[in-house]
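The data block below is entry_17.cif; it holds mmCIF, C-alpha atoms.
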data_structure
#
loop_
_atom_site.group_PDB
_atom_site.id
_atom_site.type_symbol
_atom_site.label_atom_id
_atom_site.label_comp_id
_atom_site.auth_asym_id
_atom_site.auth_seq_id
_atom_site.Cartn_x
_atom_site.Cartn_y
_atom_site.Cartn_z
ATOM 1 C CA MET A 1 -3.681 72.901 65.001
ATOM 2 C CA GLU A 2 -1.741 76.103 64.241
ATOM 3 C CA ARG A 3 2.024 76.675 64.216
ATOM 4 C CA ARG A 4 3.310 79.606 66.290
ATOM 5 C CA THR A 5 6.721 81.289 66.535
ATOM 6 C CA ALA A 6 7.182 83.320 69.725
ATOM 7 C CA THR A 7 9.264 86.481 69.948
ATOM 8 C CA ASN A 8 11.940 84.520 71.849
ATOM 9 C CA GLY A 9 12.290 82.100 68.931
ATOM 10 C CA VAL A 10 10.372 79.155 70.403
ATOM 11 C CA VAL A 11 8.248 77.294 67.849
ATOM 12 C CA TYR A 12 5.154 75.452 69.070
ATOM 13 C CA TYR A 13 1.688 74.337 68.006
ATOM 14 C CA ALA A 14 -1.537 75.681 69.491
ATOM 15 C CA SER A 15 -5.158 74.539 69.462
ATOM 16 C CA PRO A 16 -7.672 77.152 68.258
ATOM 17 C CA LEU A 17 -10.297 75.484 70.462
ATOM 18 C CA LEU A 18 -8.223 75.920 73.617
ATOM 19 C CA GLU A 19 -7.146 79.435 72.612
ATOM 20 C CA ALA A 20 -10.813 80.427 72.228
ATOM 21 C CA ARG A 21 -11.336 79.452 75.901
ATOM 22 C CA GLY A 22 -8.354 81.524 77.051
ATOM 23 C CA VAL A 23 -6.428 78.412 78.109
ATOM 24 C CA PRO A 24 -2.608 78.847 78.070
ATOM 25 C CA HIS A 25 -1.078 75.806 76.376
ATOM 26 C CA ALA A 26 1.486 74.559 73.872
ATOM 27 C CA PHE A 27 2.621 71.478 72.003
ATOM 28 C CA SER A 28 6.344 72.074 71.679
ATOM 29 C CA THR A 29 8.602 71.348 68.722
ATOM 30 C CA ARG A 30 12.372 70.861 68.826
ATOM 31 C CA LEU A 31 12.937 74.459 67.638
ATOM 32 C CA GLY A 32 14.021 77.526 69.597
ATOM 33 C CA GLY A 33 15.988 76.184 72.533
ATOM 34 C CA LYS A 34 19.527 75.999 73.911
ATOM 35 C CA SER A 35 20.509 72.322 73.653
ATOM 36 C CA PRO A 36 23.261 71.038 71.308
ATOM 37 C CA PRO A 37 23.004 67.967 69.016
ATOM 38 C CA PRO A 38 21.593 65.340 69.243
ATOM 39 C CA PHE A 39 19.175 67.254 71.476
ATOM 40 C CA ASP A 40 18.998 70.362 69.315
ATOM 41 C CA SER A 41 17.503 72.529 70.379
ATOM 42 C CA LEU A 42 14.331 72.857 72.491
ATOM 43 C CA ASN A 43 14.916 69.632 74.407
ATOM 44 C CA LEU A 44 12.589 69.093 77.356
ATOM 45 C CA GLY A 45 13.699 65.701 78.662
ATOM 46 C CA ASN A 46 16.386 63.029 78.604
ATOM 47 C CA PRO A 47 16.096 59.535 77.122
ATOM 48 C CA SER A 48 15.951 56.786 79.739
ATOM 49 C CA GLY A 49 18.546 54.019 79.771
ATOM 50 C CA CYS A 50 20.866 55.912 77.428
ATOM 51 C CA GLU A 51 24.434 57.024 78.128
ATOM 52 C CA VAL A 52 24.016 60.123 75.952
ATOM 53 C CA GLN A 53 22.256 62.771 78.057
ATOM 54 C CA ASP A 54 21.525 66.480 77.847
ATOM 55 C CA ASP A 55 22.444 68.858 80.651
ATOM 56 C CA TYR A 56 19.477 69.382 82.969
ATOM 57 C CA GLY A 57 20.351 73.047 83.367
ATOM 58 C CA ARG A 58 19.709 73.505 79.646
ATOM 59 C CA ILE A 59 16.504 71.468 79.830
ATOM 60 C CA TYR A 60 15.158 73.705 82.600
ATOM 61 C CA GLU A 61 16.185 76.780 80.617
ATOM 62 C CA ASN A 62 14.270 75.398 77.640
ATOM 63 C CA TYR A 63 11.163 74.973 79.799
ATOM 64 C CA ASP A 64 11.527 78.582 80.909
ATOM 65 C CA LEU A 65 11.662 79.660 77.269
ATOM 66 C CA LEU A 66 8.559 77.649 76.383
ATOM 67 C CA GLN A 67 6.579 78.947 79.351
ATOM 68 C CA ALA A 68 7.603 82.515 78.505
ATOM 69 C CA ALA A 69 6.500 81.944 74.908
ATOM 70 C CA ILE A 70 2.928 81.249 76.036
ATOM 71 C CA GLY A 71 2.828 83.898 78.760
ATOM 72 C CA VAL A 72 2.995 81.695 81.871
ATOM 73 C CA GLY A 73 6.593 82.192 82.924
ATOM 74 C CA GLY A 74 5.704 82.594 86.591
ATOM 75 C CA ARG A 75 3.612 79.442 86.971
ATOM 76 C CA THR A 76 4.957 76.323 88.706
ATOM 77 C CA ARG A 77 5.559 73.415 86.334
ATOM 78 C CA CYS A 78 4.088 70.107 87.499
ATOM 79 C CA TRP A 79 5.079 66.745 86.035
ATOM 80 C CA VAL A 80 4.674 63.025 86.611
ATOM 81 C CA HIS A 81 6.874 59.950 86.216
ATOM 82 C CA GLN A 82 5.213 58.535 83.103
ATOM 83 C CA VAL A 83 4.682 54.769 83.138
ATOM 84 C CA HIS A 84 2.450 54.095 80.083
ATOM 85 C CA GLY A 85 -0.585 53.349 82.228
ATOM 86 C CA GLY A 86 -4.016 54.694 83.034
ATOM 87 C CA THR A 87 -3.485 56.578 86.300
ATOM 88 C CA VAL A 88 -4.779 60.161 86.591
ATOM 89 C CA VAL A 89 -3.716 62.411 89.484
ATOM 90 C CA ASP A 90 -5.062 65.694 90.848
ATOM 91 C CA VAL A 91 -2.644 68.614 91.013
ATOM 92 C CA ASP A 92 -3.643 70.214 94.292
ATOM 93 C CA GLU A 93 -1.931 71.339 97.494
ATOM 94 C CA ARG A 94 -0.872 67.734 98.230
ATOM 95 C CA PHE A 95 0.607 67.033 94.797
ATOM 96 C CA GLU A 96 4.329 66.369 94.419
ATOM 97 C CA SER A 97 5.942 66.154 90.973
ATOM 98 C CA GLY A 98 7.408 62.760 90.147
ATOM 99 C CA VAL A 99 4.499 60.571 91.227
ATOM 100 C CA LYS A 100 3.857 57.653 88.856
ATOM 101 C CA ALA A 101 0.984 58.526 86.507
ATOM 102 C CA ASP A 102 0.259 59.472 82.906
ATOM 103 C CA ALA A 103 -2.289 62.240 83.323
ATOM 104 C CA MET A 104 -2.871 65.249 85.563
ATOM 105 C CA VAL A 105 -5.915 67.445 86.167
ATOM 106 C CA SER A 106 -6.073 70.813 87.908
ATOM 107 C CA ASP A 107 -8.025 74.022 88.449
ATOM 108 C CA ASP A 108 -5.078 75.904 89.974
ATOM 109 C CA PRO A 109 -3.988 78.786 87.693
ATOM 110 C CA THR A 110 -0.661 79.093 89.521
ATOM 111 C CA LYS A 111 0.327 75.690 88.088
ATOM 112 C CA ILE A 112 1.146 74.482 84.598
ATOM 113 C CA LEU A 113 0.859 70.780 83.775
ATOM 114 C CA ALA A 114 3.502 69.214 81.535
ATOM 115 C CA VAL A 115 3.785 65.791 79.876
ATOM 116 C CA ARG A 116 6.780 64.676 77.786
ATOM 117 C CA VAL A 117 6.649 62.833 74.460
ATOM 118 C CA ALA A 118 8.902 61.655 71.655
ATOM 119 C CA ASP A 119 6.356 59.704 69.514
ATOM 120 C CA CYS A 120 3.571 59.033 72.036
ATOM 121 C CA VAL A 121 0.454 61.168 71.817
ATOM 122 C CA PRO A 122 0.091 64.301 73.967
ATOM 123 C CA VAL A 123 -3.515 65.217 74.743
ATOM 124 C CA LEU A 124 -4.752 68.422 76.385
ATOM 125 C CA ILE A 125 -8.333 68.847 77.636
ATOM 126 C CA ALA A 126 -10.214 71.780 79.174
ATOM 127 C CA THR A 127 -13.723 72.494 80.307
ATOM 128 C CA GLU A 128 -15.710 74.962 78.209
ATOM 129 C CA ASP A 129 -14.975 77.762 80.668
ATOM 130 C CA GLY A 130 -11.254 76.896 80.721
ATOM 131 C CA LYS A 131 -11.125 76.614 84.509
ATOM 132 C CA TYR A 132 -10.349 72.882 84.696
ATOM 133 C CA VAL A 133 -7.661 71.291 82.539
ATOM 134 C CA ALA A 134 -5.899 67.983 81.943
ATOM 135 C CA ALA A 135 -2.547 67.000 80.409
ATOM 136 C CA ILE A 136 -2.193 63.405 79.207
ATOM 137 C CA HIS A 137 0.626 61.195 77.894
ATOM 138 C CA ALA A 138 -0.794 58.347 75.788
ATOM 139 C CA GLY A 139 1.310 55.712 74.083
ATOM 140 C CA TRP A 140 -0.391 52.596 72.766
ATOM 141 C CA ARG A 141 -0.423 51.043 76.240
ATOM 142 C CA GLY A 142 -1.995 54.193 77.660
ATOM 143 C CA VAL A 143 -4.658 54.108 74.947
ATOM 144 C CA ILE A 144 -5.475 50.504 75.841
ATOM 145 C CA ALA A 145 -5.504 51.477 79.551
ATOM 146 C CA GLU A 146 -7.976 54.272 78.656
ATOM 147 C CA VAL A 147 -6.000 57.056 80.302
ATOM 148 C CA VAL A 148 -7.657 59.687 78.066
ATOM 149 C CA PRO A 149 -11.288 58.844 78.956
ATOM 150 C CA ALA A 150 -10.224 58.495 82.591
ATOM 151 C CA ALA A 151 -8.907 62.072 82.564
ATOM 152 C CA ALA A 152 -11.985 63.319 80.718
ATOM 153 C CA GLY A 153 -14.163 61.612 83.307
ATOM 154 C CA ARG A 154 -12.216 63.259 86.122
ATOM 155 C CA LEU A 155 -12.945 66.677 84.596
ATOM 156 C CA ARG A 156 -16.616 65.864 84.097
ATOM 157 C CA PHE A 157 -16.859 64.830 87.739
ATOM 158 C CA ARG A 158 -15.708 68.321 88.745
ATOM 159 C CA THR A 159 -18.016 70.349 86.524
ATOM 160 C CA ARG A 160 -21.153 70.183 84.413
ATOM 161 C CA LYS A 161 -19.450 72.130 81.639
ATOM 162 C CA GLY A 162 -18.688 70.509 78.289
ATOM 163 C CA LEU A 163 -15.131 69.612 77.289
ATOM 164 C CA VAL A 164 -12.776 70.634 74.499
ATOM 165 C CA ALA A 165 -9.699 68.604 73.583
ATOM 166 C CA ALA A 166 -6.552 68.847 71.483
ATOM 167 C CA ILE A 167 -4.601 65.820 70.226
ATOM 168 C CA GLY A 168 -1.046 66.918 69.500
ATOM 169 C CA PRO A 169 1.778 65.904 67.145
ATOM 170 C CA SER A 170 2.780 62.254 67.481
ATOM 171 C CA ILE A 171 3.747 59.174 65.527
ATOM 172 C CA SER A 172 1.397 58.724 62.569
ATOM 173 C CA SER A 173 -0.393 55.573 61.502
ATOM 174 C CA GLU A 174 1.984 55.236 58.548
ATOM 175 C CA ALA A 175 5.002 55.199 60.869
ATOM 176 C CA PHE A 176 3.469 53.063 63.640
ATOM 177 C CA GLU A 177 3.880 49.489 62.480
ATOM 178 C CA VAL A 178 2.969 46.840 65.063
ATOM 179 C CA GLY A 179 2.680 43.084 65.368
ATOM 180 C CA PRO A 180 -0.269 40.725 65.981
ATOM 181 C CA GLU A 181 -0.186 41.048 69.782
ATOM 182 C CA VAL A 182 -0.750 44.810 69.723
ATOM 183 C CA ILE A 183 -3.349 44.470 66.978
ATOM 184 C CA GLY A 184 -5.189 41.961 69.137
ATOM 185 C CA ARG A 185 -5.259 44.392 72.073
ATOM 186 C CA PHE A 186 -6.751 47.131 69.885
ATOM 187 C CA ARG A 187 -9.375 44.810 68.405
ATOM 188 C CA GLU A 188 -10.341 43.725 71.905
ATOM 189 C CA ARG A 189 -10.636 47.333 73.115
ATOM 190 C CA PHE A 190 -12.253 48.955 70.060
ATOM 191 C CA ARG A 191 -13.998 46.014 68.334
ATOM 192 C CA ASP A 192 -15.154 46.881 64.810
ATOM 193 C CA GLU A 193 -14.068 50.509 65.228
ATOM 194 C CA ALA A 194 -10.390 49.664 65.815
ATOM 195 C CA PRO A 195 -8.312 52.126 63.708
ATOM 196 C CA ILE A 196 -6.129 49.438 62.107
ATOM 197 C CA THR A 197 -4.731 49.212 58.586
ATOM 198 C CA MET A 198 -3.597 45.717 57.643
ATOM 199 C CA ARG A 199 -0.499 45.453 55.447
ATOM 200 C CA GLY A 200 -1.814 42.544 53.451
ATOM 201 C CA ASP A 201 1.619 41.143 52.613
ATOM 202 C CA GLY A 202 1.448 38.106 54.850
ATOM 203 C CA SER A 203 3.897 39.551 57.390
ATOM 204 C CA GLY A 204 1.341 39.770 60.184
ATOM 205 C CA LYS A 205 2.259 43.441 60.620
ATOM 206 C CA SER A 206 -0.259 46.262 60.587
ATOM 207 C CA HIS A 207 -0.535 49.967 61.327
ATOM 208 C CA VAL A 208 -2.476 51.579 64.166
ATOM 209 C CA ASP A 209 -3.722 55.185 64.165
ATOM 210 C CA LEU A 210 -3.276 56.250 67.798
ATOM 211 C CA ARG A 211 -4.734 59.715 67.255
ATOM 212 C CA ALA A 212 -7.883 58.246 65.681
ATOM 213 C CA ALA A 213 -8.183 55.821 68.597
ATOM 214 C CA ILE A 214 -7.961 58.687 71.096
ATOM 215 C CA ALA A 215 -10.481 60.786 69.156
ATOM 216 C CA LEU A 216 -12.867 57.825 69.289
ATOM 217 C CA GLN A 217 -12.349 57.502 73.054
ATOM 218 C CA LEU A 218 -13.034 61.206 73.499
ATOM 219 C CA ARG A 219 -16.256 60.982 71.492
ATOM 220 C CA ARG A 220 -17.336 57.959 73.528
ATOM 221 C CA ALA A 221 -16.636 60.038 76.653
ATOM 222 C CA GLY A 222 -19.093 62.663 75.431
ATOM 223 C CA VAL A 223 -16.777 65.189 73.758
ATOM 224 C CA ALA A 224 -18.430 66.549 70.608
ATOM 225 C CA PRO A 225 -16.447 65.942 67.383
ATOM 226 C CA GLU A 226 -16.397 69.681 66.680
ATOM 227 C CA ASN A 227 -14.709 70.194 70.061
ATOM 228 C CA ILE A 228 -11.676 68.063 69.194
ATOM 229 C CA ASP A 229 -8.593 69.509 67.473
ATOM 230 C CA ILE A 230 -6.246 66.917 65.922
ATOM 231 C CA SER A 231 -2.720 67.546 64.645
ATOM 232 C CA ASP A 232 -1.641 66.110 61.306
ATOM 233 C CA ARG A 233 2.086 66.327 62.135
ATOM 234 C CA CYS A 234 4.119 63.110 62.425
ATOM 235 C CA THR A 235 7.052 63.062 64.826
ATOM 236 C CA VAL A 236 8.804 60.339 62.814
ATOM 237 C CA ARG A 237 8.310 61.899 59.383
ATOM 238 C CA ASP A 238 8.789 65.570 60.280
ATOM 239 C CA ALA A 239 12.364 65.338 61.558
ATOM 240 C CA GLY A 240 13.031 69.051 61.181
ATOM 241 C CA GLU A 241 10.344 69.863 63.744
ATOM 242 C CA PHE A 242 10.237 66.969 66.189
ATOM 243 C CA PHE A 243 12.276 64.480 68.186
ATOM 244 C CA SER A 244 11.397 60.816 67.585
ATOM 245 C CA HIS A 245 12.364 57.850 69.750
ATOM 246 C CA ARG A 246 11.610 55.425 66.906
ATOM 247 C CA ARG A 247 13.455 57.356 64.185
ATOM 248 C CA GLU A 248 16.558 58.022 66.298
ATOM 249 C CA ARG A 249 16.572 54.589 67.997
ATOM 250 C CA GLY A 250 16.292 56.073 71.461
ATOM 251 C CA ILE A 251 19.042 58.721 71.345
ATOM 252 C CA THR A 252 16.840 61.765 71.106
ATOM 253 C CA GLY A 253 15.259 64.565 73.106
ATOM 254 C CA ARG A 254 11.694 65.147 74.234
ATOM 255 C CA MET A 255 8.902 67.520 73.350
ATOM 256 C CA ALA A 256 6.302 68.557 75.913
ATOM 257 C CA ALA A 257 2.647 69.483 76.004
ATOM 258 C CA LEU A 258 1.809 72.187 78.540
ATOM 259 C CA ILE A 259 -1.543 73.454 79.803
ATOM 260 C CA SER A 260 -2.726 75.731 82.608
ATOM 261 C CA PRO A 261 -6.225 76.813 83.702
ATOM 262 C CA ALA A 262 -7.555 80.031 82.254
ATOM 263 C CA GLY A 263 -7.458 83.117 84.446
ATOM 264 C CA SER A 264 -4.989 85.095 86.471
ATOM 265 C CA ALA A 265 -2.390 83.252 88.535
ATOM 266 C CA GLY A 266 -2.776 85.907 91.199
#

Is it possible to give me this structure as structure tokens?
Amino acid sequence: MERRTATNGVVYYASPLLEARGVPHAFSTRLGGKSPPPFDSLNLGNPSGCEVQDDYGRIYENYDLLQAAIGVGGRTRCWVHQVHGGTVVDVDERFESGVKADAMVSDDPTKILAVRVADCVPVLIATEDGKYVAAIHAGWRGVIAEVVPAAAGRLRFRTRKGLVAAIGPSISSEAFEVGPEVIGRFRERFRDEAPITMRGDGSGKSHVDLRAAIALQLRRAGVAPENIDISDRCTVRDAGEFFSHRRERGITGRMAALISPAGSAG
């Protein structure tokens, strides 16, 4: 994954694999926007259940800046009410933003798909020709619900083309400490391949590598390893670049992952 700084000051990460297919996309950072602390500065969403909120006018302005940074300022942003599940929806003429889901797929180049994150894993997928794309929000519950392979399967149903994928900045294994219940869910889902590191101190706590789990799901879904880009950035550790729900105990902003089909929007 490569770091980019746009002429308007927005800083984001891009996937060389998606760029090679001409697919407009971005994994945002917290840098280059208009929001004040604690949402400084490229905030793209408000925390739920928190009295401290950013102004939505600034949030929308920040989205405009990010879309301009990747050359899709005129495309309509589409989003879902994320519920940490496995539902995938089609963005077509019947789609309305706000429906409950955690992944979207589309072949409409007038639209740009956006998912919000603040430690969960953003995943972007495209067909080899760049004409069909998916944007996915995957926390640990979404990984267990297999939202990523569900979205990949939806794309494969639409085309015989191969897939390329990018797994964006998120909480790292080192920062994602979980208890026995979550560990049990991952062992049940992934068996011997579960990406778990036991602490070994008798606490019952362990660490899960969500990005490795998603990469495994993508490979199982038929995506070649060489067609998967994976970020090494940690939203908890790299505080200068990213918001983190865990680090800031909920009072924090949101990054976004954006993707749009290749080609002219008309």

- Task: Give as a PyMOL selection string the residues that the PyMOL selection byres ((chain A and resi 1-12) around 6) matches when applied to the coordinates above.
- Result: chain A and resi 13-15+27-29+31-32+69+231

| request: Could you list the residues chosen by the PyMOL selection byres ((chain A and resi 170) around 12) in this structure as a VMD selection string? | output: chain A and resid 27 to 29 116 to 123 137 to 140 167 to 169 171 to 176 209 to 212 214 230 to 239 241 to 246 254 to 257

Notebook entry, point to check: With distances taken over only C-alpha atoms, which of A:Gly85, A:Thr252, A:Ser48, A:Glu128 is nearest to Ser35 (chain A)?
Noted result: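 Nearest candidate to Ser35 (chain A) out of A:Gly85, A:Thr252, A:Ser48, A:Glu128: A:Thr252.
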
Carefully work through the PyMOL selection byres ((chain A and resi 106) around 9) for this structure and note down the residues it includes, as a list in words. Val89, Asp90, Val91, Asp92, Met104, Val105, Asp107, Asp108, Pro109, Lys111, Ile112, Leu113, Lys131, Tyr132, Val133, Ala134, Leu155, Ser260 and Pro261 of chain A

Go ahead and compute the interatomic distance for CA of Ala215 (chain A) and CA of Ala103 (chain A), in Å to one decimal.
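Here the two named atoms are 16.4 Å from each other.
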
The distance between CA of Leu218 (chain A) and CA of Ala152 (chain A) is 7.6 Å

- Minimum-distance residue to Ala126 (chain A), chosen among A:Ile59, A:Leu65, A:Ala151, A:Thr110 (using all atoms listed in the file):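 Looking at the shortest contact to Ala126 (chain A), the residue is A:Ala151.
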
One residue among A:Ala114, A:Ala145, A:Cys50, A:Met198 is nearest to His81 (chain A) when using only C-alpha atoms, and that residue is A:Ala114

Contacts of region 161-164 of chain A within 9 Å, only C-alpha atoms, excl. fewer than 6 positions in-chain, as an NGL selection string | :A and (17-18 or 124-130 or 152 or 155 or 222-224 or 226-229)

As a check of understanding: the span from CA of Ala150 (chain A) to CA of Gly250 (chain A) is 28.9 Å

Min atom-atom distance to Leu66 (chain A) from the set A:Gly49, A:Gly253, A:Pro24, A:Gly240, counting all atoms listed in the file, belongs to A:Pro24

Name the residues within 8 Å of (2.2, 62.8, 86.2), counting all atoms listed in the file in the file's coordinates, and put them as a ChimeraX atom specification. /A:78-82,88-89,97-104,115

*asked:* Counting all atoms listed in the file, which residue out of A:Ala262, A:Asn43, A:Val208, A:Val178 sits closest to Ala194 (chain A)?
replied: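 Checking each candidate against Ala194 (chain A), we get A:Val208 as the closest.
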
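Take the candidates A:Arg141, A:Arg191, A:Arg94, A:Arg220 and check each one against Gly153 (chain A) using only C-alpha atoms; the shortest distance goes to A:Arg220.
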
Using only the atoms of region 117-135 of chain A listed in the file, plus 3 Å on each side, state the axis-aligned box centre and edge lengths in Å rounded to one decimal, as AutoDock Vina command-line options.
--center_x -3.4 --center_y 68.4 --center_z 77.1 --size_x 30.6 --size_y 24.7 --size_z 21.2
